[in-house]
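Have a look at the structure below before the remarks.
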Amino acid sequence: MSAAHDDHHHGPAKGITRWLFTTNHKDIGSLYLWFSFAMFLLGGTFAMVIRAELFQPGLQLVEPNFFNQMTTMHGLIMVFGAVMPAFVGLANWMIPMMIGAPDMALPRMNNWSFWILPFAFAMLSSTLLMDGGAPNFGWTFYAPLSTTYAPASVTFFIFAVHIMGASSIMGSINIIATILNMRAPGMTLMKMPLFVWTWLITAYLLIAVMPVLAGVVTMMLFDIHFGTSFFNAAGGGDPVLFQHVFWFFGHPEVYIMILPAFGVVSAIIPTFARKRLFGYDSMVYATASIAFLSFIVWAHHMFTVGMPIAGELFFMYATMLIAVPTGVKVFNWVATMFRGSMTFETPMLFAIAFVVLFTMGGFTGLMLAITPADFQYHDTYFVVAHFHYVLVPGAVFSIMAATYYWLPKWTGYMYDERLGKLHFWLSFVGVNVLFFPQHFLGLAGMPRRIPDYALQFADFNWISSIGGFLFGASQLILLVVVIKCVKGGKKATAQVWEGAQGLEWTVESPAPYHTFTTPPDPKLIHAQ
Amino acid sequence: MASVGSHETYYVPEQTRLPFFASIGLVFTVYGLGSVLNDIKAAESTSTSTWIALFGFGLLSFILYQWFSTVIRENHAGMNSDQLKRSYVWGMSWFIFSEVMFFAAFFGALYYVRNFAVPWLGGEGDKAITGQMLWPEFVATWPVIENPNSAVFTNPEEALNVHEWSIAFFAKFLPFWNTLILITSSVTVHFAHTALKAENRKRLIQWLAVTVALGVVFLFLQVEEYIEAYEHYGLTLDSGIYGSTFFLLTGFHGFHVTLGTFILAVMLARAIKGHFKPNDHFGFEAASWYWHFVDVVWVGLFIFVYLL
């Protein structure tokens, strides 16, 4: 069928149908990234409501129940709508180009895994307008708060989670099939860029745990509507069962949101240090070790729930083990920069900030891993500070670093470096003013998920809120930078960055609509 | 390397309307379904919601039919390279892995309640205080026949598991026969596969028909067992944790058998139409993998739900 072959050389279709019906990995990558940014702004708006309410003690702006809806929706939208789709978008754009493949392995399914997402989030967001309000039980939706005491909208929340899970599973199957089956000749596994490696392992985690999430929300659905008693002790079930199943999903989930970030940073730091990545092999093994450990540490989220002491100890030590492979990674990034010819363009600034601030989030994670100490920190703002440090200057900064790094490849133009740096510095200052004081609040005993607080927490809260507004507003700069860059600017070369290595930099900028319809010259594929 | 050639012919469809409309079908299905459930709970009319769900499901089914037809047509037209077929193999394998993990959640729940939650409620072990504080009279047994609070969750009258190791018991024990049926069906679908590879279409069709029939018989007996559970054993979805785990594990398995039987029936229709070649029959292979997977889950169910 020669027509099929000729299709490869067509450009994109015109109009809206290009985006609705596309099977092109670059188009789908862009869709994911734009969708993610939209969700980032929506989830960010909810965060602004939270910080505004917490600006001073007392109830000013919103009802407590609405406040709970805001914390819930903020978490759900940021995790499932902003961070995860952003990484899937980056995977779609970059993995085929990095491994010399013509597209993703299953292009139609690729379109489907994206297009069910906007519908799922439309359904989830619509719960804000329903009688009884949106889900108000926190993004971790612990039973029985999310079953016996849930608003009616929980049913739609459950189905939305099912669809998001289906999207992630289809996306991951596609990514694994692409990496395992579509590599260009010569692209052996240990020559793959780390971003590809980290995504291979992330996709495995996703396929392993998203069905477990589907299982736990299904049990909720049956408890709510069909009278089962999975999470009700009166029938012999156990609310703690919910937490075990949820966190069996939930802990690998946090690595799902950070492993691709490791891949991004491992691409950017060598480029701007103009050195090869230090310890490539150990990076691969460290990533795999983290993934393995992520399956056996889930109960560190529930130290205070009442577990046998053997369980507490096992989960404490297993959790601490994660510091070893993570330490390997941080060491390797620092060693890559050591005596490099470093320059500090925006992607590098975000990447360095990632290394420093993510590591700090990791250290507070170690503090939380200590069972007896966790009894003190549990459900306080210390936990909020910890996971926001790993997720915002961690995962989100890496997404921003990736955006600046590959934007010239996507658009064909250089972005505005001055605006980029402004965005970085405002974000960097904002994020620390926002989250650093929350450590102190937590250590002093301020509980999370409350709209009002005792007077002694007032000072750190208004500082935190100021940081929040600064960080939130600065993100609009990113929007300006991206729109400006799409419209025009200085032409980007194929290599874009002086020190950039890898197949994606061998194609012109912007990357043609179809790349590597014939495999690249194996000589272009280097050891990492 | 052969893959140089296959890279050049890897088929990337230019555009497709299928997934976008499938998404619309999917969201209508689940939105309708969610509304039906909420309407029932609020004691309101479910008619609008039902129509929404039916519309969505109809659209989704129609699109999936189109989707599979397209893929089959393209394969017959020779557009699928060997490399593309390997993508399908990876895709199906990882899909089955995701299904394994879905069942793992329910098996895990069963494990947890049997080994931790119920004994603790009965006043045993590390967390015995839970039981002593809540329902001190509750005695931990598995299956749980006396619920901790039987005013909220009605007790089942009798358990459905193996409680007697005699030939007479097993001869009348439906799950035992269902185990034999499913294991047999795994063998017959393998015979069908062998016949397909040996280019013996008649035997392919015969063995496939036998497999589908066994799937239908299994489902029939399963329905029979459910009726018995509800009518004779008083075992229902809302009769406490035993009923919950029993019905969700066997129910989701039964749902998968239904799907698997349907898929095999489609394969049977395709075999009759003359589809599949000895060296090119991925649709059939995927269906048979799925069927073997469903069988393995049943064996797990039989051991952990009925035997132990």
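Residues are named by chain letter and number: chains run A, B, ... in the order of the structure tokens, numbers start at 1 in each chain, and ligands are numbered from 1 in the order shown.
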At most 6 Å to chain A: residues in chain B, only C-alpha atoms, as JSON, numbers by chain: {"B": [8, 15, 16, 17, 19, 23, 34, 87, 90, 91, 98, 101, 102, 105, 118, 126, 147, 148, 149, 153, 237, 238, 240, 241, 244]}
Let's have the selection written as a CSV table (one decimal), in the first residue's frame, with C-alpha atoms.
chain,number,residue,atom,x,y,z
B,8,GLU,CA,10.4,2.6,6.5
B,15,GLN,CA,-5.6,11.2,10.9
B,16,THR,CA,-8.4,9.4,12.6
B,17,ARG,CA,-11.9,10.4,13.8
B,19,PRO,CA,-10.7,8.1,19.2
B,23,SER,CA,-14.0,9.7,24.0
B,34,GLY,CA,-22.9,7.9,37.5
B,87,SER,CA,3.8,-3.3,18.9
B,90,TRP,CA,3.7,-5.5,23.5
B,91,GLY,CA,0.5,-3.6,23.8
B,98,SER,CA,-2.6,-4.1,34.0
B,101,MET,CA,-2.8,-5.6,38.8
B,102,PHE,CA,-6.5,-4.8,38.9
B,105,ALA,CA,-6.1,-5.0,44.3
B,118,VAL,CA,-11.2,-9.5,60.8
B,126,ASP,CA,-1.5,-6.5,67.7
B,147,ASN,CA,-21.0,-9.6,61.1
B,148,PRO,CA,-19.6,-7.3,63.8
B,149,ASN,CA,-22.8,-5.2,63.6
B,153,PHE,CA,-25.0,-5.4,57.6
B,237,LEU,CA,-23.5,-7.8,48.2
B,238,ASP,CA,-24.6,-6.1,51.4
B,240,GLY,CA,-20.7,-7.9,55.1
B,241,ILE,CA,-17.1,-8.3,54.1
B,244,SER,CA,-18.3,-8.0,49.4
Atom pair CA of Leu268 in chain B / CA of Arg203 in chain B: separation (Å):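 CA of Arg203 in chain B lies 11.5 Å from CA of Leu268 in chain B.
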Selected residue of minimal separation from Ile303 in chain B among B:Trp289, B:Trp120, B:Phe138, B:Phe107, counting only C-alpha atoms: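 The closest residue to Ile303 in chain B is B:Phe107.
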Those of range 213-268 of chain B in DSSP helix (DSSP H, G or I), formatted as an NGL selection string: :B and (213-231 or 241-268)
Would you mind listing what lies within 10 Å of Thr194 in chain B as a PDB file with C-alpha atoms, in the first residue's frame, with only C-alpha atoms counted and same-chain residues fewer than 6 positions away left out?
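Heads up, here's the output in result.pdb:
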ATOM      1  CA  THR B 188      -9.561 -26.260  23.679  1.00  0.00           C
ATOM      2  CA  ASN B 200      -6.917 -26.867   9.396  1.00  0.00           C
ATOM      3  CA  ARG B 203     -10.824 -27.974  13.317  1.00  0.00           C
ATOM      4  CA  LEU B 204     -10.051 -24.360  14.161  1.00  0.00           C
ATOM      5  CA  TRP B 207     -12.409 -26.076  18.765  1.00  0.00           C
ATOM      6  CA  PRO B 278      -1.028 -19.577   9.946  1.00  0.00           C
TER       7      PRO B 278
END
Who sits within 10 Å of Ala395 in chain A, only C-alpha atoms, same chain under 5 positions skipped, as a list of chain:residue names: A:Val83, A:Met84, A:Ala86, A:Phe87, A:Val254, A:Tyr255, A:Ile256, A:Met257, A:Ile258, A:Leu259, A:Pro260, A:Ala261, A:Phe262, A:Val264, A:Phe354, A:Phe358, A:His388, A:Tyr389, A:Val390, A:Met400, A:Ala401
I need the chosen residues saved as a CSV table (one decimal), in the first residue's frame, with C-alpha atoms.
chain,number,residue,atom,x,y,z
A,83,VAL,CA,2.1,17.1,36.4
A,84,MET,CA,1.3,13.7,34.9
A,86,ALA,CA,2.9,17.3,31.2
A,87,PHE,CA,5.4,14.4,31.5
A,254,VAL,CA,4.9,10.0,43.6
A,255,TYR,CA,7.8,8.4,41.8
A,256,ILE,CA,5.7,8.5,38.6
A,257,MET,CA,5.8,12.2,39.0
A,258,ILE,CA,9.5,12.5,39.8
A,259,LEU,CA,11.3,9.8,37.7
A,260,PRO,CA,10.7,11.6,34.4
A,261,ALA,CA,11.9,14.8,36.1
A,262,PHE,CA,15.2,13.0,36.8
A,264,VAL,CA,14.9,15.8,32.1
A,354,PHE,CA,15.7,21.4,40.9
A,358,PHE,CA,14.4,18.6,45.3
A,388,HIS,CA,5.4,20.6,47.8
A,389,TYR,CA,9.2,20.9,47.8
A,390,VAL,CA,9.5,17.7,45.8
A,400,MET,CA,9.6,24.2,33.1
A,401,ALA,CA,13.3,23.4,32.5
All residues 8 Å or closer to range 245-248 of chain B, only C-alpha atoms, same chain fewer than 2 positions away omitted, as a PyMOL selection string: (chain A and resi 230) or (chain B and resi 106+109-110+236-237+241-243+250-252+305)
Distance of CA of Val265 in chain A from CA of Pro522 in chain A, expressed in Å to one decimal place: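 We find that CA of Pro522 in chain A and CA of Val265 in chain A lie 25.3 Å from each other.
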